[in-house]
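J.: Let me begin by handing over the structure; questions about it come next.
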Amino acid sequence: MKERKKLADMRINIISRLSNAGIPTVGVVKRVEGSGKLCRNSVVEFVNDYVKGFGIDINNCNDAAFMYRLGQAMEIGIGEALVLGPLRISAVSGRLSDYFSEDRVFWYVYTGLGPGVFRIETIESIYRDHPELIGKLVLWLISNIDSAGMPYVIDVADYYARAVTRTLYLRFYQLSLVRGLKPTYDTLQELSKALGEESAKP
Amino acid sequence: MEHPQPDNELTVTPLRNAKLAQVRLSSLRIDIGRDFLVIDGSSRGFGTHNFKLFITGAAAYGAGNPVITYPETTFGKPIHVNWGFAGLKAPMNVLRAVEENKVLSDYIRVRSLEGDYFIEYDGVVVDEVRMGLETMFIDSLVSNKLLGNNLLIIDGPYTWQ
């Protein structure tokens, strides 16, 4: 936890400096199945103002499932998006309060394409300083959703980042063969994934 | 389906301007008036029965730059980042040997930020190496004036959680 706090502080420090210089930052999160930020009574109650009778078992829920259910209930079609936010997340007390030193503000987007759900987030103080620009950026990201259901700029960055580690990984694998190393089953699976990605361009 | 337990130490509140909106994508005409730089990181694990090496990397593009990568690749413009791009979990004698090697120790991390060797570290090695690399990558882009006055978009969680 100490390391995580240190790393989170390092990042918050850099992006706060950027924000102070007039440069806001947002994060786009593609994997939200492991997150339960929406699975709370406060969010279900808010949503009920728009979709009467919307219910979800908050103990048997994740953010992707929450938005998917909502998207289905509102009959979101191709070429449309369902946007929920901005919502604020804060640590009230306990073990997370040290680490979670700054409140975050986030939006969830359901598109019905590809994995279908992603989150856009920033730090509350940055949102407070640049509400209009961040609001526009959120809409701009949504307006640039590609056929995978993600903003295309994110898919492009993801492709190049994976290409960096793929190149290194394949070189290391070749070296390991020369040295007679015996990779684990998981490593062979990772190798197969890396080789499969070579032809997948954004 | 994953069922993450709602964390009672965190509260979620809709802001005053919060809404649930159905948006037609073709009707959105958004001009943000500024360019942007997009950043993403990636990680992969290579293991044998006696060691595991986590290989991480990062790429950025936009704001008038070609693709920028760390570590250096054949397709990207290189940038120096003061952070090893690999993390190694291996027997202590191996970790010490890597640490004492002046060349390897620039690229391979063997200890956590708190100073624990990764073999006795109870955190997730790959998370620490990757999160640190992405953060230091952003720092280098800013120091090298590659961001300019443009917006920054990070692919992935803003920080953890």
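Identifiers in the structure tokens: chain A, B, ... in order shown; residue index from 1 per chain; ligand index from 1 in order shown.
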DSSP on the backbone: which residues in stretch 158-198 of chain A end up as alpha helix (DSSP H)? Give the answer as a VMD selection string.

T.: chain A and resid 158 to 178 185 to 197

J.: Tell me, as a PyMOL selection string, which residues lie within 8 Å of stretch 74-77 of chain A, counting only C-alpha atoms; anything in the same chain fewer than 3 positions away does not count.

T.: (chain A and resi 51+70-71+80-82+111-112) or (chain B and resi 22)

J.: Of the candidates A:Tyr185, A:Tyr152, A:Trp140, A:Phe106, which one gets nearest to chain B if we count only C-alpha atoms?

T.: A:Trp140

J.: For chain A, which of B:Arg29, B:Arg24, B:Arg109, B:Arg34 is the closest residue, counting only C-alpha atoms?

T.: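 The shortest atom-to-atom distance to chain A comes from B:Arg24.
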
J.: From the list B:Gly64, B:Ser27, B:Ala21, B:Ser105, which residue is nearest B:Lys145 when using only C-alpha atoms?

T.: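 That would be B:Gly64, the residue with the smallest distance to B:Lys145.
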
J.: Which of these, B:Lys89, B:Arg96, B:Arg44, B:Lys52, has the shortest distance to A:Thr167 once you count only C-alpha atoms?

T.: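 Of B:Lys89, B:Arg96, B:Arg44, B:Lys52, the one nearest A:Thr167 is B:Arg44, counting only C-alpha atoms.
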
J.: Chain B: which residues are strand (DSSP E or B) by DSSP, as a CSV table (one decimal) with all heavy atoms, in the first residue's frame?

T.:
chain,number,residue,atom,x,y,z
B,10,LEU,N,-15.4,4.1,0.6
B,10,LEU,CA,-15.5,5.1,-0.5
B,10,LEU,C,-17.0,5.5,-0.7
B,10,LEU,O,-17.8,4.6,-0.6
B,10,LEU,CB,-15.0,4.5,-1.8
B,10,LEU,CG,-13.5,4.1,-1.9
B,10,LEU,CD1,-13.1,3.3,-3.1
B,10,LEU,CD2,-12.6,5.3,-1.8
B,11,THR,N,-17.2,6.8,-1.0
B,11,THR,CA,-18.6,7.2,-1.3
B,11,THR,C,-18.6,7.7,-2.7
B,11,THR,O,-17.7,8.3,-3.2
B,11,THR,CB,-19.1,8.3,-0.3
B,11,THR,OG1,-18.2,9.4,-0.4
B,11,THR,CG2,-19.2,7.8,1.1
B,12,VAL,N,-19.8,7.5,-3.3
B,12,VAL,CA,-19.9,8.0,-4.7
B,12,VAL,C,-21.2,9.0,-4.7
B,12,VAL,O,-22.2,8.6,-4.2
B,12,VAL,CB,-20.2,6.9,-5.7
B,12,VAL,CG1,-20.5,7.4,-7.1
B,12,VAL,CG2,-18.9,6.0,-5.8
B,13,THR,N,-21.0,10.2,-5.2
B,13,THR,CA,-22.0,11.2,-5.1
B,13,THR,C,-22.2,11.8,-6.5
B,13,THR,O,-21.2,12.3,-7.1
B,13,THR,CB,-21.7,12.3,-4.2
B,13,THR,OG1,-20.9,11.8,-3.1
B,13,THR,CG2,-22.9,13.1,-3.7
B,14,PRO,N,-23.4,11.9,-7.1
B,14,PRO,CA,-23.6,12.6,-8.3
B,14,PRO,C,-23.3,14.1,-8.1
B,14,PRO,O,-23.8,14.7,-7.1
B,14,PRO,CB,-25.0,12.4,-8.7
B,14,PRO,CG,-25.5,11.2,-7.9
B,14,PRO,CD,-24.6,11.2,-6.6
B,15,LEU,N,-22.5,14.8,-9.0
B,15,LEU,CA,-22.3,16.2,-8.8
B,15,LEU,C,-23.6,16.9,-9.2
B,15,LEU,O,-24.5,16.4,-9.8
B,15,LEU,CB,-21.2,16.7,-9.7
B,15,LEU,CG,-19.8,16.1,-9.3
B,15,LEU,CD1,-18.7,16.8,-10.2
B,15,LEU,CD2,-19.5,16.3,-7.9
B,16,ARG,N,-23.7,18.2,-9.0
B,16,ARG,CA,-24.9,19.0,-9.2
B,16,ARG,C,-25.3,19.0,-10.7
B,16,ARG,O,-26.5,18.9,-11.0
B,16,ARG,CB,-24.6,20.5,-8.8
B,16,ARG,CG,-25.8,21.1,-8.0
B,16,ARG,CD,-25.5,22.3,-7.3
B,16,ARG,NE,-24.1,22.8,-7.4
B,16,ARG,CZ,-23.7,23.9,-8.1
B,16,ARG,NH1,-24.6,24.6,-8.7
B,16,ARG,NH2,-22.4,24.2,-8.1
B,17,ASN,N,-24.3,18.9,-11.6
B,17,ASN,CA,-24.6,18.9,-13.0
B,17,ASN,C,-24.7,17.5,-13.6
B,17,ASN,O,-24.7,17.3,-14.8
B,17,ASN,CB,-23.6,19.7,-13.8
B,17,ASN,CG,-22.2,19.3,-13.6
B,17,ASN,OD1,-21.9,18.6,-12.6
B,17,ASN,ND2,-21.3,19.6,-14.5
B,18,ALA,N,-24.7,16.5,-12.7
B,18,ALA,CA,-24.7,15.1,-13.2
B,18,ALA,C,-26.0,14.8,-13.9
B,18,ALA,O,-27.1,15.3,-13.6
B,18,ALA,CB,-24.6,14.1,-12.0
B,19,LYS,N,-25.9,13.9,-15.0
B,19,LYS,CA,-27.2,13.5,-15.6
B,19,LYS,C,-26.9,12.1,-16.3
B,19,LYS,O,-25.8,11.7,-16.4
B,19,LYS,CB,-27.7,14.5,-16.6
B,19,LYS,CG,-26.7,15.0,-17.6
B,19,LYS,CD,-27.3,16.2,-18.4
B,19,LYS,CE,-26.2,16.8,-19.3
B,19,LYS,NZ,-26.5,17.9,-20.0
B,20,LEU,N,-28.0,11.5,-16.6
B,20,LEU,CA,-27.9,10.3,-17.4
B,20,LEU,C,-28.5,10.7,-18.8
B,20,LEU,O,-29.7,11.0,-18.9
B,20,LEU,CB,-28.8,9.2,-16.8
B,20,LEU,CG,-28.9,7.9,-17.5
B,20,LEU,CD1,-27.5,7.2,-17.6
B,20,LEU,CD2,-29.9,6.9,-16.9
B,21,ALA,N,-27.6,10.7,-19.8
B,21,ALA,CA,-28.0,11.3,-21.1
B,21,ALA,C,-27.8,10.3,-22.2
B,21,ALA,O,-26.8,9.6,-22.3
B,21,ALA,CB,-27.2,12.5,-21.4
B,22,GLN,N,-28.8,10.2,-23.1
B,22,GLN,CA,-28.8,9.4,-24.3
B,22,GLN,C,-28.3,10.4,-25.4
B,22,GLN,O,-28.9,11.4,-25.7
B,22,GLN,CB,-30.2,8.9,-24.6
B,22,GLN,CG,-30.2,7.9,-25.7
B,22,GLN,CD,-31.6,7.2,-25.7
B,22,GLN,OE1,-32.4,7.4,-24.9
B,22,GLN,NE2,-31.7,6.3,-26.7
B,23,VAL,N,-27.1,10.0,-26.0
B,23,VAL,CA,-26.5,10.9,-27.0
B,23,VAL,C,-26.5,10.3,-28.3
B,23,VAL,O,-26.1,9.1,-28.5
B,23,VAL,CB,-25.1,11.3,-26.5
B,23,VAL,CG1,-24.4,12.2,-27.5
B,23,VAL,CG2,-25.0,11.8,-25.1
B,24,ARG,N,-26.9,11.1,-29.4
B,24,ARG,CA,-26.7,10.6,-30.8
B,24,ARG,C,-25.3,11.0,-31.2
B,24,ARG,O,-25.0,12.2,-31.3
B,24,ARG,CB,-27.8,11.3,-31.6
B,24,ARG,CG,-28.5,10.5,-32.4
B,24,ARG,CD,-29.4,10.4,-33.5
B,24,ARG,NE,-29.0,9.3,-34.4
B,24,ARG,CZ,-29.1,8.1,-34.2
B,24,ARG,NH1,-29.7,7.6,-33.1
B,24,ARG,NH2,-28.7,7.2,-35.0
B,36,PHE,N,-4.0,17.2,-28.5
B,36,PHE,CA,-3.8,16.4,-27.3
B,36,PHE,C,-2.7,15.4,-27.5
B,36,PHE,O,-2.3,15.1,-28.6
B,36,PHE,CB,-5.1,15.6,-27.0
B,36,PHE,CG,-5.6,14.9,-28.2
B,36,PHE,CD1,-5.1,13.7,-28.6
B,36,PHE,CD2,-6.6,15.5,-28.9
B,36,PHE,CE1,-5.6,13.1,-29.7
B,36,PHE,CE2,-7.1,14.9,-30.1
B,36,PHE,CZ,-6.6,13.7,-30.5
B,37,LEU,N,-2.1,14.9,-26.4
B,37,LEU,CA,-1.2,13.9,-26.4
B,37,LEU,C,-1.8,12.7,-25.7
B,37,LEU,O,-2.4,12.9,-24.6
B,37,LEU,CB,0.1,14.3,-25.6
B,37,LEU,CG,1.3,13.4,-25.7
B,37,LEU,CD1,1.9,13.5,-27.2
B,37,LEU,CD2,2.4,13.9,-24.8
B,38,VAL,N,-1.7,11.5,-26.3
B,38,VAL,CA,-2.3,10.3,-25.7
B,38,VAL,C,-1.2,9.3,-25.2
B,38,VAL,O,-0.3,9.1,-26.0
B,38,VAL,CB,-3.3,9.6,-26.6
B,38,VAL,CG1,-4.1,8.5,-25.9
B,38,VAL,CG2,-4.2,10.5,-27.3
B,39,ILE,N,-1.4,8.8,-24.1
B,39,ILE,CA,-0.3,7.9,-23.5
B,39,ILE,C,-0.9,6.6,-23.1
B,39,ILE,O,-2.0,6.6,-22.5
B,39,ILE,CB,0.3,8.6,-22.3
B,39,ILE,CG1,1.1,9.8,-22.7
B,39,ILE,CG2,1.2,7.6,-21.5
B,39,ILE,CD1,1.5,10.7,-21.5
B,40,ASP,N,-0.2,5.5,-23.3
B,40,ASP,CA,-0.6,4.2,-22.8
B,40,ASP,C,0.6,3.4,-22.4
B,40,ASP,O,1.7,3.6,-23.0
B,40,ASP,CB,-1.4,3.5,-23.9
B,40,ASP,CG,-2.1,2.2,-23.2
B,40,ASP,OD1,-2.3,2.2,-22.0
B,40,ASP,OD2,-2.5,1.3,-24.0
B,41,GLY,N,0.4,2.5,-21.5
B,41,GLY,CA,1.5,1.6,-21.1
B,41,GLY,C,1.0,0.1,-21.3
B,41,GLY,O,-0.2,-0.1,-21.5
B,42,SER,N,2.0,-0.8,-21.3
B,42,SER,CA,1.7,-2.2,-21.5
B,42,SER,C,2.6,-3.0,-20.7
B,42,SER,O,3.7,-2.6,-20.4
B,42,SER,CB,1.8,-2.5,-23.0
B,42,SER,OG,1.9,-3.9,-23.3
B,43,SER,N,2.2,-4.2,-20.4
B,43,SER,CA,3.1,-5.1,-19.6
B,43,SER,C,2.9,-6.6,-20.0
B,43,SER,O,1.8,-6.9,-20.4
B,43,SER,CB,2.9,-4.9,-18.1
B,43,SER,OG,1.5,-5.0,-17.8
B,44,ARG,N,3.9,-7.4,-19.9
B,44,ARG,CA,3.9,-8.8,-20.2
B,44,ARG,C,4.8,-9.5,-19.2
B,44,ARG,O,5.8,-9.0,-18.8
B,44,ARG,CB,4.3,-9.1,-21.6
B,44,ARG,CG,3.4,-8.4,-22.7
B,44,ARG,CD,3.9,-8.7,-24.1
B,44,ARG,NE,3.4,-7.7,-25.0
B,44,ARG,CZ,2.3,-7.9,-25.7
B,44,ARG,NH1,1.6,-9.1,-25.7
B,44,ARG,NH2,1.9,-7.0,-26.6
B,45,GLY,N,4.4,-10.8,-18.9
B,45,GLY,CA,5.3,-11.5,-18.0
B,45,GLY,C,5.9,-12.7,-18.6
B,45,GLY,O,5.3,-13.4,-19.4
B,46,PHE,N,7.2,-12.9,-18.3
B,46,PHE,CA,7.9,-14.1,-18.9
B,46,PHE,C,8.4,-14.9,-17.7
B,46,PHE,O,9.2,-14.4,-16.9
B,46,PHE,CB,9.1,-13.6,-19.7
B,46,PHE,CG,9.8,-14.8,-20.4
B,46,PHE,CD1,9.6,-15.1,-21.7
B,46,PHE,CD2,10.7,-15.5,-19.6
B,46,PHE,CE1,10.3,-16.2,-22.3
B,46,PHE,CE2,11.4,-16.6,-20.2
B,46,PHE,CZ,11.2,-16.9,-21.6
B,47,GLY,N,8.0,-16.1,-17.5
B,47,GLY,CA,8.4,-16.9,-16.3
B,47,GLY,C,9.0,-18.3,-16.7
B,47,GLY,O,8.6,-18.9,-17.7
B,52,LYS,N,10.6,-14.8,-12.7
B,52,LYS,CA,9.6,-14.1,-13.5
B,52,LYS,C,10.1,-12.7,-13.8
B,52,LYS,O,10.5,-12.0,-12.9
B,52,LYS,CB,8.3,-14.1,-12.8
B,52,LYS,CG,7.2,-13.6,-13.7
B,52,LYS,CD,5.9,-14.3,-13.5
B,52,LYS,CE,4.9,-14.0,-14.7
B,52,LYS,NZ,3.6,-14.4,-14.5
B,53,LEU,N,10.1,-12.4,-15.1
B,53,LEU,CA,10.5,-11.1,-15.6
B,53,LEU,C,9.3,-10.4,-16.1
B,53,LEU,O,8.5,-11.0,-17.0
B,53,LEU,CB,11.5,-11.3,-16.7
B,53,LEU,CG,12.1,-10.0,-17.3
B,53,LEU,CD1,13.0,-9.3,-16.3
B,53,LEU,CD2,12.8,-10.2,-18.6
B,54,PHE,N,9.0,-9.2,-15.6
B,54,PHE,CA,7.9,-8.4,-16.1
B,54,PHE,C,8.4,-7.3,-17.0
B,54,PHE,O,9.2,-6.5,-16.6
B,54,PHE,CB,7.1,-7.8,-15.0
B,54,PHE,CG,6.6,-8.8,-14.0
B,54,PHE,CD1,7.3,-9.2,-12.9
B,54,PHE,CD2,5.4,-9.4,-14.3
B,54,PHE,CE1,6.8,-10.1,-12.0
B,54,PHE,CE2,4.9,-10.4,-13.4
B,54,PHE,CZ,5.6,-10.7,-12.3
B,55,ILE,N,8.0,-7.4,-18.3
B,55,ILE,CA,8.5,-6.4,-19.3
B,55,ILE,C,7.4,-5.4,-19.5
B,55,ILE,O,6.2,-5.7,-19.8
B,55,ILE,CB,8.8,-7.1,-20.6
B,55,ILE,CG1,9.9,-8.1,-20.4
B,55,ILE,CG2,9.1,-6.1,-21.7
B,55,ILE,CD1,10.2,-9.0,-21.6
B,56,THR,N,7.7,-4.1,-19.3
B,56,THR,CA,6.7,-3.0,-19.4
B,56,THR,C,7.2,-2.0,-20.5
B,56,THR,O,8.4,-2.0,-20.8
B,56,THR,CB,6.4,-2.3,-18.1
B,56,THR,OG1,7.6,-1.5,-17.7
B,56,THR,CG2,6.1,-3.3,-17.0
B,57,GLY,N,6.3,-1.2,-21.0
B,57,GLY,CA,6.7,-0.2,-22.0
B,57,GLY,C,5.6,0.8,-22.1
B,57,GLY,O,4.5,0.6,-21.6
B,58,ALA,N,5.9,1.9,-22.7
B,58,ALA,CA,4.9,3.0,-22.9
B,58,ALA,C,5.0,3.6,-24.2
B,58,ALA,O,6.1,3.7,-24.8
B,58,ALA,CB,5.0,4.0,-21.8
B,59,ALA,N,3.9,4.2,-24.8
B,59,ALA,CA,3.9,4.9,-26.0
B,59,ALA,C,3.1,6.1,-25.9
B,59,ALA,O,2.1,6.1,-25.1
B,59,ALA,CB,3.4,4.0,-27.2
B,60,ALA,N,3.4,7.1,-26.7
B,60,ALA,CA,2.6,8.4,-26.7
B,60,ALA,C,2.5,8.8,-28.2
B,60,ALA,O,3.5,8.6,-28.9
B,60,ALA,CB,3.2,9.4,-25.8
B,61,TYR,N,1.5,9.5,-28.5
B,61,TYR,CA,1.4,10.1,-29.8
B,61,TYR,C,0.5,11.3,-29.7
B,61,TYR,O,-0.3,11.5,-28.8
B,61,TYR,CB,0.9,9.1,-30.9
B,61,TYR,CG,-0.6,8.9,-30.9
B,61,TYR,CD1,-1.3,9.6,-31.9
B,61,TYR,CD2,-1.2,8.1,-30.1
B,61,TYR,CE1,-2.7,9.5,-31.9
B,61,TYR,CE2,-2.6,7.9,-30.1
B,61,TYR,CZ,-3.3,8.6,-31.0
B,61,TYR,OH,-4.7,8.5,-31.0
B,62,GLY,N,0.6,12.2,-30.8
B,62,GLY,CA,-0.3,13.3,-30.8
B,62,GLY,C,0.5,14.6,-30.5
B,62,GLY,O,1.7,14.6,-30.3
B,65,ASN,N,3.6,15.3,-32.5
B,65,ASN,CA,4.8,14.4,-32.4
B,65,ASN,C,4.6,13.1,-33.1
B,65,ASN,O,3.4,12.7,-33.3
B,65,ASN,CB,5.0,14.0,-30.9
B,65,ASN,CG,5.3,15.2,-30.0
B,65,ASN,OD1,6.3,15.8,-30.1
B,65,ASN,ND2,4.4,15.5,-29.1
B,66,PRO,N,5.7,12.5,-33.6
B,66,PRO,CA,5.5,11.1,-34.1
B,66,PRO,C,5.3,10.2,-32.9
B,66,PRO,O,5.3,10.7,-31.7
B,66,PRO,CB,6.9,10.8,-34.7
B,66,PRO,CG,7.8,11.7,-33.9
B,66,PRO,CD,7.0,12.9,-33.6
B,67,VAL,N,5.1,8.9,-33.1
B,67,VAL,CA,5.0,8.0,-31.9
B,67,VAL,C,6.3,8.0,-31.1
B,67,VAL,O,7.4,8.0,-31.7
B,67,VAL,CB,4.7,6.6,-32.4
B,67,VAL,CG1,4.6,5.6,-31.2
B,67,VAL,CG2,3.4,6.5,-33.2
B,68,ILE,N,6.1,8.2,-29.8
B,68,ILE,CA,7.3,8.2,-28.9
B,68,ILE,C,7.2,7.0,-28.1
B,68,ILE,O,6.1,6.7,-27.5
B,68,ILE,CB,7.2,9.5,-28.0
B,68,ILE,CG1,7.1,10.8,-28.9
B,68,ILE,CG2,8.4,9.5,-27.1
B,68,ILE,CD1,6.6,12.0,-28.1
B,69,THR,N,8.3,6.3,-27.9
B,69,THR,CA,8.3,5.0,-27.1
B,69,THR,C,9.4,5.0,-26.1
B,69,THR,O,10.5,5.5,-26.3
B,69,THR,CB,8.4,3.8,-28.0
B,69,THR,OG1,9.7,3.8,-28.7
B,69,THR,CG2,7.3,3.7,-29.1
B,70,TYR,N,9.1,4.3,-25.0
B,70,TYR,CA,10.1,3.9,-24.1
B,70,TYR,C,9.8,2.5,-23.6
B,70,TYR,O,8.6,2.2,-23.2
B,70,TYR,CB,10.1,4.8,-22.8
B,70,TYR,CG,11.1,4.3,-21.8
B,70,TYR,CD1,12.5,4.5,-22.0
B,70,TYR,CD2,10.7,3.6,-20.7
B,70,TYR,CE1,13.4,4.1,-21.1
B,70,TYR,CE2,11.7,3.1,-19.8
B,70,TYR,CZ,13.0,3.4,-20.0
B,70,TYR,OH,13.9,2.9,-19.1
B,77,LYS,N,10.0,7.3,-31.8
B,77,LYS,CA,11.1,8.2,-31.4
B,77,LYS,C,11.4,7.9,-30.0
B,77,LYS,O,10.5,7.8,-29.1
B,77,LYS,CB,10.5,9.6,-31.6
B,77,LYS,CG,11.4,10.7,-31.1
B,77,LYS,CD,10.7,12.1,-31.3
B,77,LYS,CE,11.4,13.2,-30.5
B,77,LYS,NZ,10.8,14.5,-30.8
B,78,PRO,N,12.7,7.7,-29.7
B,78,PRO,CA,13.0,7.3,-28.3
B,78,PRO,C,13.0,8.5,-27.4
B,78,PRO,O,13.2,9.6,-27.8
B,78,PRO,CB,14.5,6.7,-28.5
B,78,PRO,CG,15.0,7.4,-29.7
B,78,PRO,CD,13.8,7.7,-30.6
B,86,ALA,N,11.8,-3.1,-16.8
B,86,ALA,CA,11.5,-4.5,-16.4
B,86,ALA,C,11.6,-4.7,-14.9
B,86,ALA,O,12.4,-4.0,-14.2
B,86,ALA,CB,12.5,-5.4,-17.1
B,87,GLY,N,10.8,-5.6,-14.4
B,87,GLY,CA,10.9,-6.0,-13.0
B,87,GLY,C,11.2,-7.4,-12.9
B,87,GLY,O,10.6,-8.2,-13.6
B,88,LEU,N,12.1,-7.8,-12.0
B,88,LEU,CA,12.5,-9.2,-11.9
B,88,LEU,C,12.2,-9.8,-10.5
B,88,LEU,O,12.6,-9.2,-9.5
B,88,LEU,CB,14.0,-9.3,-12.2
B,88,LEU,CG,14.6,-10.7,-12.1
B,88,LEU,CD1,14.0,-11.6,-13.2
B,88,LEU,CD2,16.1,-10.7,-12.3
B,89,LYS,N,11.5,-10.9,-10.5
B,89,LYS,CA,11.3,-11.6,-9.2
B,89,LYS,C,12.1,-12.9,-9.4
B,89,LYS,O,11.8,-13.8,-10.2
B,89,LYS,CB,9.8,-11.9,-9.1
B,89,LYS,CG,9.3,-12.2,-7.7
B,89,LYS,CD,7.8,-12.1,-7.6
B,89,LYS,CE,7.4,-12.2,-6.2
B,89,LYS,NZ,6.0,-12.0,-6.0
B,108,ILE,N,16.6,-3.0,-15.3
B,108,ILE,CA,15.8,-4.0,-14.6
B,108,ILE,C,15.7,-3.6,-13.1
B,108,ILE,O,16.7,-3.4,-12.4
B,108,ILE,CB,16.5,-5.4,-14.7
B,108,ILE,CG1,16.6,-5.8,-16.1
B,108,ILE,CG2,15.6,-6.4,-13.9
B,108,ILE,CD1,17.3,-7.1,-16.4
B,109,ARG,N,14.4,-3.5,-12.6
B,109,ARG,CA,14.2,-3.1,-11.2
B,109,ARG,C,14.1,-4.4,-10.4
B,109,ARG,O,13.4,-5.4,-10.8
B,109,ARG,CB,12.9,-2.4,-11.1
B,109,ARG,CG,12.9,-1.1,-11.9
B,109,ARG,CD,11.6,-0.3,-11.7
B,109,ARG,NE,11.5,0.2,-10.3
B,109,ARG,CZ,12.1,1.3,-9.9
B,109,ARG,NH1,12.9,2.0,-10.7
B,109,ARG,NH2,12.0,1.7,-8.6
B,111,ARG,N,13.9,-4.1,-6.8
B,111,ARG,CA,13.3,-3.7,-5.5
B,111,ARG,C,12.1,-2.8,-5.6
B,111,ARG,O,12.0,-2.1,-6.6
B,111,ARG,CB,14.4,-2.9,-4.7
B,111,ARG,CG,15.6,-3.6,-4.2
B,111,ARG,CD,16.4,-2.6,-3.4
B,111,ARG,NE,17.7,-3.0,-3.1
B,111,ARG,CZ,18.1,-3.4,-1.8
B,111,ARG,NH1,17.2,-3.3,-0.9
B,111,ARG,NH2,19.3,-3.8,-1.6
B,117,TYR,N,13.3,-6.2,-1.8
B,117,TYR,CA,13.6,-7.0,-3.0
B,117,TYR,C,12.3,-7.6,-3.4
B,117,TYR,O,11.4,-8.0,-2.6
B,117,TYR,CB,14.6,-8.1,-2.7
B,117,TYR,CG,16.0,-7.6,-2.7
B,117,TYR,CD1,16.8,-7.5,-1.5
B,117,TYR,CD2,16.7,-7.3,-3.9
B,117,TYR,CE1,18.1,-7.1,-1.5
B,117,TYR,CE2,18.0,-6.8,-3.9
B,117,TYR,CZ,18.7,-6.8,-2.7
B,117,TYR,OH,20.0,-6.3,-2.8
B,151,LEU,N,-3.6,19.1,-24.4
B,151,LEU,CA,-4.3,18.3,-23.4
B,151,LEU,C,-3.6,16.9,-23.3
B,151,LEU,O,-3.0,16.4,-24.2
B,151,LEU,CB,-5.8,18.1,-23.7
B,151,LEU,CG,-6.5,19.4,-24.0
B,151,LEU,CD1,-7.9,19.2,-24.4
B,151,LEU,CD2,-6.5,20.3,-22.7
B,152,LEU,N,-3.7,16.3,-22.1
B,152,LEU,CA,-3.1,15.0,-21.9
B,152,LEU,C,-4.2,14.0,-21.6
B,152,LEU,O,-5.1,14.2,-20.8
B,152,LEU,CB,-2.2,15.1,-20.7
B,152,LEU,CG,-1.4,13.8,-20.3
B,152,LEU,CD1,-0.5,13.4,-21.4
B,152,LEU,CD2,-0.6,14.1,-19.0
B,153,ILE,N,-4.2,12.9,-22.4
B,153,ILE,CA,-5.2,11.8,-22.2
B,153,ILE,C,-4.4,10.5,-21.9
B,153,ILE,O,-3.5,10.2,-22.6
B,153,ILE,CB,-6.0,11.6,-23.5
B,153,ILE,CG1,-6.8,12.8,-23.9
B,153,ILE,CG2,-7.0,10.4,-23.3
B,153,ILE,CD1,-7.5,12.8,-25.3
B,154,ILE,N,-4.7,9.9,-20.8
B,154,ILE,CA,-4.0,8.7,-20.3
B,154,ILE,C,-4.9,7.5,-20.5
B,154,ILE,O,-6.1,7.6,-20.1
B,154,ILE,CB,-3.7,8.8,-18.8
B,154,ILE,CG1,-2.8,10.1,-18.6
B,154,ILE,CG2,-2.9,7.6,-18.4
B,154,ILE,CD1,-2.6,10.3,-17.1
B,155,ASP,N,-4.4,6.5,-21.2
B,155,ASP,CA,-5.2,5.3,-21.4
B,155,ASP,C,-5.0,4.5,-20.1
B,155,ASP,O,-3.9,4.0,-19.8
B,155,ASP,CB,-4.7,4.6,-22.6
B,155,ASP,CG,-5.5,3.3,-22.9
B,155,ASP,OD1,-6.4,3.0,-22.1
B,155,ASP,OD2,-5.1,2.6,-23.8

J.: Counting only C-alpha atoms, which residue out of A:Asn59, A:Thr25, A:Asn13, A:Ser143 sits closest to B:Pro157?

T.: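 For B:Pro157, the nearest of the candidates is A:Thr25.
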
J.: Any idea what's packed within 10 Å of B:Val124, counting only C-alpha atoms, ignoring anything in its chain fewer than 6 positions away? Could you give it as a PyMOL selection string?

T.: (chain A and resi 4) or (chain B and resi 112+118)

J.: I need the residue nearest chain B from this list: A:Gln189, A:Gln72, A:Ser125, A:Asn62. Use only C-alpha atoms for the distance.

T.: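 Selected residue with least distance to chain B: A:Asn62.
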